[in-house]
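Pasted below: final_26.txt, compact mmCIF, C-alpha atoms.
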```txt
# COMPACT_ATOMS: atom_id res chain seq x y z
CA MET A 1 -6.41 19.51 -18.06
CA SER A 2 -5.17 17.98 -14.83
CA SER A 3 -6.91 15.48 -12.55
CA GLN A 4 -6.47 14.13 -9.04
CA TYR A 5 -6.75 10.68 -7.51
CA PHE A 6 -7.70 10.50 -3.84
CA ARG A 7 -7.23 7.18 -2.04
CA PHE A 8 -8.34 6.48 1.54
CA LEU A 9 -8.64 3.55 3.93
CA SER A 10 -11.93 1.68 4.19
CA HIS A 11 -11.30 -1.34 6.43
CA ASN A 12 -12.42 0.18 9.71
CA ALA A 13 -14.59 -2.40 11.51
CA GLU A 14 -16.95 0.35 12.72
CA PRO A 15 -16.88 3.06 10.03
CA LEU A 16 -17.80 6.64 10.86
CA ARG A 17 -19.90 8.97 8.73
CA SER A 18 -18.36 11.90 6.86
CA ALA A 19 -20.89 14.45 5.60
CA PHE A 20 -18.64 16.25 3.10
CA LEU A 21 -17.24 13.06 1.56
CA GLU A 22 -20.74 11.58 1.30
CA GLN A 23 -21.96 14.72 -0.43
CA LEU A 24 -19.26 14.35 -3.07
CA LEU A 25 -19.91 10.65 -3.54
CA ALA A 26 -23.65 11.21 -3.94
CA ARG A 27 -22.99 13.64 -6.79
CA ALA A 28 -20.37 11.47 -8.52
CA ASP A 29 -20.81 9.11 -11.44
CA ALA A 30 -21.37 5.40 -10.84
CA GLY A 31 -18.35 3.67 -9.37
CA ARG A 32 -16.15 1.18 -11.20
CA LEU A 33 -14.18 -1.83 -10.07
CA VAL A 34 -10.38 -1.57 -9.93
CA SER A 35 -8.18 -4.64 -9.57
CA ASP A 36 -5.09 -2.65 -8.55
CA TRP A 37 -5.70 0.85 -7.23
CA ARG A 38 -2.01 1.83 -7.40
CA ALA A 39 -1.77 0.97 -11.09
CA ASP A 40 -5.06 2.80 -11.65
CA ALA A 41 -3.77 5.90 -9.84
CA PHE A 42 -0.33 5.78 -11.49
CA ARG A 43 -1.93 6.47 -14.87
CA VAL A 44 -2.98 9.89 -13.53
CA ILE A 45 0.64 11.04 -13.14
CA ALA A 46 2.30 8.83 -15.78
CA PRO A 47 -0.21 8.08 -18.56
CA GLN A 48 2.47 6.84 -20.98
CA ALA A 49 4.81 5.03 -18.59
CA PRO A 50 4.70 1.26 -18.11
CA TRP A 51 3.68 0.03 -14.66
CA PRO A 52 6.96 -0.30 -12.68
CA GLY A 53 5.68 -2.48 -9.83
CA VAL A 54 5.37 -1.57 -6.16
CA ALA A 55 8.54 -3.17 -4.79
CA PRO A 56 10.84 -2.17 -7.69
CA ALA A 57 9.83 1.50 -7.35
CA ALA A 58 10.10 1.46 -3.56
CA LEU A 59 13.54 -0.17 -3.66
CA CYS A 60 14.76 2.21 -6.35
CA ALA A 61 13.77 5.20 -4.20
CA ASP A 62 15.19 3.52 -1.09
CA ARG A 63 18.58 2.95 -2.68
CA ALA A 64 18.74 6.61 -3.69
CA ALA A 65 18.17 7.62 -0.05
CA ILE A 66 20.52 5.15 1.64
CA ASP A 67 22.15 6.54 4.76
CA ALA A 68 25.07 4.32 5.74
CA THR A 69 24.78 5.45 9.36
CA ALA A 70 21.15 4.26 9.59
CA VAL A 71 21.37 0.92 7.77
CA GLU A 72 24.28 -1.49 7.78
CA ALA A 73 25.92 -1.55 4.38
CA ALA A 74 25.98 -5.35 4.29
CA ALA A 75 22.18 -5.44 4.34
CA VAL A 76 21.82 -2.82 1.63
CA ASP A 77 24.49 -4.40 -0.57
CA ALA A 78 22.42 -7.60 -0.68
CA ALA A 79 20.13 -5.89 -3.20
CA PRO A 80 21.97 -5.35 -6.51
CA VAL A 81 19.94 -3.84 -9.34
CA ASP A 82 20.84 -6.78 -11.62
CA ALA A 83 18.76 -9.20 -9.53
CA ALA A 84 15.92 -10.82 -11.50
CA TRP A 85 12.96 -10.15 -9.19
CA VAL A 86 12.32 -8.10 -6.05
CA CYS A 87 9.35 -8.02 -3.70
CA LEU A 88 8.43 -6.31 -0.45
CA ALA A 89 8.77 -8.39 2.70
CA THR A 90 6.39 -6.66 5.10
CA PRO A 91 6.63 -7.67 8.79
CA VAL A 92 3.30 -8.99 10.06
CA HIS A 93 1.78 -10.55 13.16
CA TYR A 94 -0.69 -13.32 12.38
CA VAL A 95 -3.33 -14.62 14.78
CA ALA A 96 -4.33 -18.30 14.71
CA ASP A 97 -8.06 -19.01 14.97
CA MET A 98 -9.61 -22.44 15.45
CA ASN A 99 -9.18 -23.58 11.83
CA SER A 100 -7.31 -20.77 10.09
CA VAL A 101 -4.86 -17.91 10.36
CA ARG A 102 -5.85 -14.27 9.94
CA LEU A 103 -4.15 -10.89 9.81
CA PRO A 104 -5.81 -8.70 12.47
CA GLN A 105 -6.13 -4.93 12.58
CA GLY A 106 -2.73 -3.71 13.70
CA GLY A 107 -1.11 -6.85 12.29
CA ILE A 108 1.00 -4.94 9.76
CA LEU A 109 4.09 -4.02 11.74
CA SER A 110 6.94 -1.56 11.47
CA MET A 111 10.46 -1.88 12.78
CA GLY A 112 13.48 0.35 13.19
CA PRO A 113 16.53 0.31 10.90
CA ALA A 114 18.66 -1.68 13.35
CA HIS A 115 16.16 -4.54 13.64
CA ALA A 116 15.52 -4.53 9.88
CA ALA A 117 19.25 -4.76 9.19
CA LYS A 118 19.67 -7.53 11.76
CA LEU A 119 16.90 -9.60 10.19
CA ALA A 120 18.37 -9.08 6.71
CA LEU A 121 21.86 -10.13 7.77
CA ASP A 122 20.64 -13.22 9.60
CA PHE A 123 18.30 -14.22 6.75
CA ASN A 124 21.18 -14.01 4.28
CA ARG A 125 23.27 -16.24 6.55
CA VAL A 126 20.54 -18.88 6.89
CA TRP A 127 19.47 -18.82 3.21
CA ASN A 128 22.99 -18.44 1.82
CA GLY A 129 23.26 -20.00 -1.66
CA SER A 130 19.49 -20.40 -2.10
CA GLY A 131 19.12 -17.67 -4.72
CA ILE A 132 17.08 -15.61 -2.27
CA ARG A 133 18.32 -12.70 -0.17
CA LEU A 134 16.77 -10.12 2.13
CA ALA A 135 17.69 -6.45 1.96
CA ALA A 136 16.94 -3.64 4.40
CA GLY A 137 16.50 -0.22 2.82
CA ALA A 138 17.17 3.20 4.28
CA SER A 139 13.46 3.37 5.14
CA ALA A 140 13.84 0.15 7.21
CA ARG A 141 11.61 -1.63 4.69
CA LEU A 142 12.59 -5.19 3.88
CA TYR A 143 12.89 -6.53 0.33
CA GLY A 144 13.11 -10.08 -0.95
CA ILE A 145 15.73 -10.36 -3.71
CA PHE A 146 15.54 -13.33 -6.10
CA ASP A 147 18.04 -14.39 -8.75
CA GLN A 148 15.22 -15.80 -10.91
CA ALA A 149 12.07 -14.01 -12.08
CA LEU A 150 8.84 -15.35 -10.59
CA ASN A 151 5.50 -15.72 -12.32
CA VAL A 152 3.27 -15.01 -9.37
CA MET A 153 0.38 -12.81 -8.27
CA THR A 154 0.47 -11.34 -4.77
CA ARG A 155 -1.79 -9.18 -2.61
CA ASP A 156 -1.20 -6.03 -0.61
CA PRO A 157 -1.34 -6.93 3.11
CA GLU A 158 -3.77 -4.03 3.57
CA ASP A 159 -6.26 -6.13 1.58
CA VAL A 160 -5.86 -8.99 4.04
CA LEU A 161 -6.60 -7.13 7.28
CA GLU A 162 -9.26 -8.88 9.38
CA ARG A 163 -9.38 -11.72 6.85
CA HIS A 164 -8.14 -15.29 6.77
CA ILE A 165 -4.87 -15.28 4.86
CA GLU A 166 -5.32 -18.51 2.88
CA GLU A 167 -7.23 -17.02 -0.06
CA TYR A 168 -4.80 -14.08 -0.26
CA LEU A 169 -1.56 -16.08 -0.43
CA PRO A 170 0.53 -15.94 -3.65
CA ALA A 171 -1.02 -17.51 -6.74
CA GLY A 172 0.40 -18.45 -10.13
CA ALA A 173 2.97 -20.81 -11.61
CA ASP A 174 5.70 -19.96 -9.07
CA ALA A 175 3.38 -19.52 -6.08
CA PRO A 176 4.45 -22.79 -4.38
CA ARG A 177 8.02 -21.52 -4.06
CA LEU A 178 6.89 -18.23 -2.52
CA ARG A 179 4.38 -19.92 -0.20
CA GLN A 180 7.01 -22.38 1.01
CA LEU A 181 9.43 -19.53 1.68
CA MET A 182 6.79 -17.66 3.70
CA SER A 183 6.20 -20.79 5.79
CA GLU A 184 9.94 -21.30 6.36
CA ILE A 185 10.28 -17.66 7.40
CA GLU A 186 7.60 -18.14 10.05
CA MET A 187 9.61 -20.97 11.60
CA TRP A 188 12.85 -18.94 11.39
CA LEU A 189 11.23 -16.01 13.18
CA PHE A 190 9.68 -18.10 15.97
CA GLU A 191 12.54 -17.66 18.45
CA HIS A 192 14.52 -14.95 16.67
CA GLU A 193 16.56 -12.50 18.75
CA VAL A 194 14.68 -9.56 17.24
CA ASN A 195 11.42 -10.97 18.59
CA SER A 196 12.92 -11.44 22.05
CA THR A 197 13.77 -7.74 22.04
CA ARG A 198 10.32 -6.76 20.76
CA ALA A 199 8.66 -8.86 23.46
CA HIS A 200 10.82 -7.18 26.10
CA ASP A 201 9.78 -3.78 24.70
CA GLY A 202 6.10 -4.72 24.84
CA VAL A 203 5.45 -4.62 21.08
CA ALA A 204 4.00 -7.34 18.86
CA ARG A 205 6.29 -10.11 17.72
CA VAL A 206 7.03 -10.46 14.01
CA ASN A 207 5.80 -13.96 13.16
CA GLY A 208 5.81 -13.63 9.38
CA LEU A 209 6.99 -11.65 6.37
CA TRP A 210 4.27 -10.96 3.79
CA LEU A 211 5.88 -11.16 0.33
CA TRP A 212 4.13 -8.98 -2.26
CA GLY A 213 4.39 -6.31 -4.95
CA GLY A 214 7.11 -8.06 -6.93
CA GLY A 215 8.67 -7.22 -10.26
CA ALA A 216 11.94 -6.70 -12.12
CA PRO A 217 14.31 -4.25 -10.37
CA LEU A 218 14.61 -0.74 -11.83
CA ALA A 219 17.82 1.13 -12.63
CA SER A 220 15.87 4.39 -12.22
CA LEU A 221 12.33 5.54 -11.54
CA PRO A 222 10.09 6.30 -14.54
CA ARG A 223 9.47 9.98 -15.22
CA VAL A 224 6.07 11.23 -14.17
CA GLN A 225 3.99 14.24 -15.16
CA GLY A 226 2.55 15.00 -11.76
CA TRP A 227 3.03 14.64 -8.03
CA ALA A 228 2.10 12.38 -5.15
CA ALA A 229 1.35 13.13 -1.51
CA GLY A 230 0.60 11.11 1.59
CA ASP A 231 2.10 7.95 3.01
CA ASP A 232 2.26 4.99 0.65
CA VAL A 233 5.06 2.52 -0.02
CA PHE A 234 4.77 3.04 -3.79
CA PHE A 235 3.75 6.68 -4.24
CA SER A 236 6.27 7.90 -1.67
CA ALA A 237 8.82 7.32 -4.45
CA PHE A 238 7.15 9.99 -6.59
CA LYS A 239 6.94 13.01 -4.32
CA GLY A 240 7.02 16.33 -6.13
CA GLU A 241 5.79 19.90 -6.30
CA GLU A 242 2.03 20.27 -6.48
CA SER A 243 1.23 21.12 -10.07
CA ASP A 244 -0.75 19.46 -12.82
CA SER A 245 -2.14 16.06 -11.90
CA GLY A 246 -1.58 14.37 -8.56
CA VAL A 247 -2.25 11.36 -6.35
CA ILE A 248 -3.12 11.72 -2.65
CA VAL A 249 -3.01 8.71 -0.34
CA ALA A 250 -4.70 9.29 3.02
CA SER A 251 -3.61 7.02 5.85
CA GLN A 252 -6.89 7.45 7.74
CA ALA A 253 -10.44 6.28 7.19
CA PRO A 254 -13.29 8.83 7.04
CA GLY A 255 -14.28 10.20 10.43
CA GLU A 256 -11.08 9.12 12.18
CA GLY A 257 -8.73 11.52 13.93
CA GLY A 258 -7.17 13.83 11.39
CA TRP A 259 -9.83 13.25 8.74
CA HIS A 260 -11.15 16.82 8.98
CA ASP A 261 -7.65 18.09 8.21
CA ILE A 262 -7.42 15.75 5.22
CA GLU A 263 -10.69 17.09 3.82
CA SER A 264 -9.54 20.68 4.33
CA ARG A 265 -6.11 20.05 2.84
CA TRP A 266 -7.07 17.95 -0.17
CA LEU A 267 -10.77 17.37 -0.90
CA LYS A 268 -12.14 20.89 -0.48
CA PRO A 269 -9.43 22.53 -2.66
CA ALA A 270 -9.97 19.84 -5.30
CA VAL A 271 -13.71 20.58 -5.40
CA ALA A 272 -12.97 24.30 -5.71
CA GLN A 273 -10.71 23.54 -8.68
CA LEU A 274 -13.44 21.42 -10.26
CA ARG A 275 -15.92 24.26 -9.96
CA ALA A 276 -13.38 26.71 -11.40
CA GLY A 277 -12.68 24.46 -14.37
CA ARG A 278 -9.02 23.90 -13.45
CA LEU A 279 -9.51 20.21 -12.71
CA SER A 280 -11.11 17.77 -15.15
CA ARG A 281 -11.92 15.03 -12.62
CA LEU A 282 -11.48 13.87 -9.05
CA ASP A 283 -11.24 10.11 -8.55
CA MET A 284 -12.07 8.86 -5.05
CA SER A 285 -10.91 5.33 -4.34
CA ALA A 286 -11.31 2.86 -1.48
CA GLY A 287 -11.23 -0.91 -1.33
CA GLY A 288 -11.68 -2.29 -4.83
CA ARG A 289 -13.77 0.55 -6.30
CA CYS A 290 -13.24 4.04 -7.67
CA VAL A 291 -15.83 6.83 -7.99
CA THR A 292 -15.32 9.83 -10.30
CA LEU A 293 -16.52 13.39 -9.71
CA SER A 294 -16.52 15.72 -12.74
CA PRO A 295 -17.10 19.49 -12.99
CA ARG A 296 -20.61 18.77 -14.25
CA ALA A 297 -21.34 16.17 -11.56
CA VAL A 298 -20.32 18.46 -8.70
CA ARG A 299 -23.48 20.52 -9.43
CA ARG A 300 -25.86 17.62 -8.74
CA PHE A 301 -26.98 19.17 -5.45
CA TRP A 302 -30.31 17.34 -5.42
CA ARG A 303 -28.81 13.90 -4.88
CA ARG A 304 -29.22 12.50 -1.37
CA ARG A 305 -26.32 11.36 0.76
CA LYS A 306 -25.88 7.86 2.14
CA PRO A 307 -23.12 6.23 4.21
CA TRP A 308 -19.86 6.51 2.27
CA TRP A 309 -19.03 2.81 2.59
CA GLU A 310 -22.14 1.89 0.59
CA PHE A 311 -20.54 3.49 -2.49
CA PHE A 312 -17.60 1.09 -2.20
CA ALA A 313 -19.41 -2.13 -1.32
```

Exercise: express the given structure as structure tokens:
Amino acid sequence: MSSQYFRFLSHNAEPLRSAFLEQLLARADAGRLVSDWRADAFRVIAPQAPWPGVAPAALCADRAAIDATAVEAAAVDAAPVDAAWVCLATPVHYVADMNSVRLPQGGILSMGPAHAAKLALDFNRVWNGSGIRLAAGASARLYGIFDQALNVMTRDPEDVLERHIEEYLPAGADAPRLRQLMSEIEMWLFEHEVNSTRAHDGVARVNGLWLWGGGAPLASLPRVQGWAAGDDVFFSAFKGEESDSGVIVASQAPGEGGWHDIESRWLKPAVAQLRAGRLSRLDMSAGGRCVTLSPRAVRRFWRRRKPWWEFFA
């Protein structure tokens, strides 16, 4: 029997209540900790496949969708599949406090294909011969390409929002190399032409690239037995027809604009399928926790609601 995994944002500084979501959470089983929600959700649509890594899957999908008119070929060609390690290089805008640096709300930035390609080309000129390259995909995402595999643990920049970055920087045997590169990139970006243009356009300057989600490049995406919906750098690579098991990634937090439509489109149909016996479970995930609702649990009507964020504390 199929199942669904529903992921939503939880880092709103002033969270809003959501009666329907709180009703479901009140009836669900006790939550569990998850160290990597994407790996946890991937098992729903690919129970037998090895974890491919965030950046390798995103780059593999990006290369399949390359549009030479949108991204300069020189930037794309900097990312051969025989490279040893690839990571995402997400543009960010840090804010310096008195004694630390943090990533504020809105600090994860986007940029158009032209600016992404320009950064990639200039990076490859400056770091020529270093064993590190930057590639811009058709999506305008940036990827760090390394000729040696790295033993390092990294964090999703979403986890760092409104937090001091120090404790979220790369860790592991090869972390010093990645940390040094991130520091050098900050200096390189300080007076970069792309930032001059962004300042003129009234948008935040890119003062860092957050390197994360690394792994060995893929020749092709692993086969999955389900579908994915929503906007996520990893699961966007696995879009498909809605059948069997699926993963939904909501880009809003409960109560925000568009949340009612998300409930109507995804949560309410999933509950109907649970009641009809067509769905074996609905996992609801936020932050570092996951709560499971089963067909039996959905009938626990006597349980009292509480603010949804208390289930994920």

Per residue of region 26-70 of chain A within 12 Å of region 261-283 of chain A, note the shortest atom pair and the distance in Å to one decimal, counting all atoms listed in the file, and order the rows by chain and increasing residue number, as CSV.
```
residue,atom,partner,partner_atom,distance
A:Arg27,CA,A:Val271,CA,11.7
A:Ala28,CA,A:Leu282,CA,9.2
A:Asp29,CA,A:Asp283,CA,10.0
A:Ala30,CA,A:Asp283,CA,11.4
A:Gly31,CA,A:Asp283,CA,9.6
A:Arg32,CA,A:Asp283,CA,10.5
A:Val34,CA,A:Asp283,CA,11.8
A:Trp37,CA,A:Asp283,CA,10.9
A:Asp40,CA,A:Asp283,CA,10.1
A:Ala41,CA,A:Asp283,CA,8.7
A:Arg43,CA,A:Asp283,CA,11.8
A:Val44,CA,A:Asp283,CA,9.6
```

Quick one: write out the picked residues with C-alpha atoms as a PDB file, in the coordinates of the input?
```pdb
ATOM      1  CA  ARG A  27     -22.990  13.640  -6.790  1.00  0.00           C
ATOM      2  CA  ALA A  28     -20.370  11.470  -8.520  1.00  0.00           C
ATOM      3  CA  ASP A  29     -20.810   9.110 -11.440  1.00  0.00           C
ATOM      4  CA  ALA A  30     -21.370   5.400 -10.840  1.00  0.00           C
ATOM      5  CA  GLY A  31     -18.350   3.670  -9.370  1.00  0.00           C
ATOM      6  CA  ARG A  32     -16.150   1.180 -11.200  1.00  0.00           C
ATOM      7  CA  VAL A  34     -10.380  -1.570  -9.930  1.00  0.00           C
ATOM      8  CA  TRP A  37      -5.700   0.850  -7.230  1.00  0.00           C
ATOM      9  CA  ASP A  40      -5.060   2.800 -11.650  1.00  0.00           C
ATOM     10  CA  ALA A  41      -3.770   5.900  -9.840  1.00  0.00           C
ATOM     11  CA  ARG A  43      -1.930   6.470 -14.870  1.00  0.00           C
ATOM     12  CA  VAL A  44      -2.980   9.890 -13.530  1.00  0.00           C
TER      13      VAL A  44
END
```

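Take CA of Ala26 (chain A) and CA of Ala253 (chain A): the distance between them is 18.0 Å.
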
With the cut-off set at 10 Å and counting only C-alpha atoms, tabulate each residue of region 102-168 of chain A with an atom at most that distance from an atom of region 182-189 of chain A, showing the nearest atom pair and its distance in Å to one decimal, ordered by chain and increasing number, as a tab-separated table.
```
residue	atom	partner	partner_atom	distance
A:Leu119	CA	A:Leu189	CA	9.1
A:Asp122	CA	A:Trp188	CA	9.8
A:Phe123	CA	A:Trp188	CA	8.6
A:Val126	CA	A:Trp188	CA	8.9
```

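Picture a line from CA of His192 (chain A) to CA of Leu142 (chain A); it runs 16.2 Å.
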
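The smallest atom-to-atom distance between Ser294 (chain A) and any of A:Arg205, A:Pro157, A:Pro15, A:Leu24, using all atoms listed in the file, is found for A:Leu24.
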
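Of note, CA of Trp259 (chain A) and CA of Ile45 (chain A) are spaced 24.4 Å apart.
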
- Message: With all atoms listed in the file as the counted atoms, please give the residues lying no more than 8 Å from Leu88 (chain A), apart from itself and same-chain residues fewer than 6 positions off, as a ChimeraX atom specification.
- Response: /A:55,141-144,210-214

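For the choices A:Leu161, A:Ala216, A:Ala140, A:Leu134, the atom-to-atom distance to Pro104 (chain A) is smallest for A:Leu161 when using all atoms listed in the file.
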
- Message: I'd like the neighbourhood of Trp308 (chain A) as a VMD selection string, where a residue qualifies if any of its atoms comes within 7 Å (using all atoms listed in the file), though same-chain residues fewer than 2 positions away should be ignored.
- Response: chain A and resid 17 22 306 310 to 311

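Near Glu14 (chain A), within 12 Å and counting all atoms listed in the file, sit Ser10, Ala253, Pro254, Gly255, Glu256 and Trp309 of chain A; same-chain residues fewer than 4 positions away were not included.
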
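For the set A:Ala116, A:Ala138, A:Glu191, A:Thr292, the residue with the smallest atom-to-atom gap to Leu59 (chain A) is A:Ala138, counting only C-alpha atoms.
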
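In this comparison, which uses only C-alpha atoms, the residue of A:Met153, A:Cys87, A:Leu221, A:Ile248 approaching Pro170 (chain A) most closely is A:Met153.
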
- Query: Taking only C-alpha atoms into account, which of A:Val249, A:Arg223, A:Asp159, A:Ala297 comes nearest Ser236 (chain A)?
  - Reply: A:Val249

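Neighbours of Leu169 (chain A) closer than or equal to 12 Å, with only C-alpha atoms counted and sequence neighbours fewer than 5 positions away skipped, come out as A:Val101, A:Arg102, A:Leu103, A:Val152, A:Met153, A:Thr154, A:Arg155, A:Asp156, A:Pro157, A:Asp159, A:Val160, A:Arg163, A:His164, A:Asp174, A:Ala175, A:Pro176, A:Arg177, A:Leu178, A:Arg179, A:Gln180, A:Leu181, A:Met182, A:Ser183, A:Leu209, A:Trp210, A:Leu211, A:Trp212.
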
- Item | Who sits within 12 Å of Ser243 (chain A), all atoms listed in the file, same chain under 4 positions skipped, as a PyMOL selection string | chain A and resi 1-4+45+224-229+239+247+278-279

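With distances taken over all atoms listed in the file, A:Gly257 is the one residue among A:Asp147, A:Gly257, A:Gly230, A:Leu293 lying closest to Leu16 (chain A).
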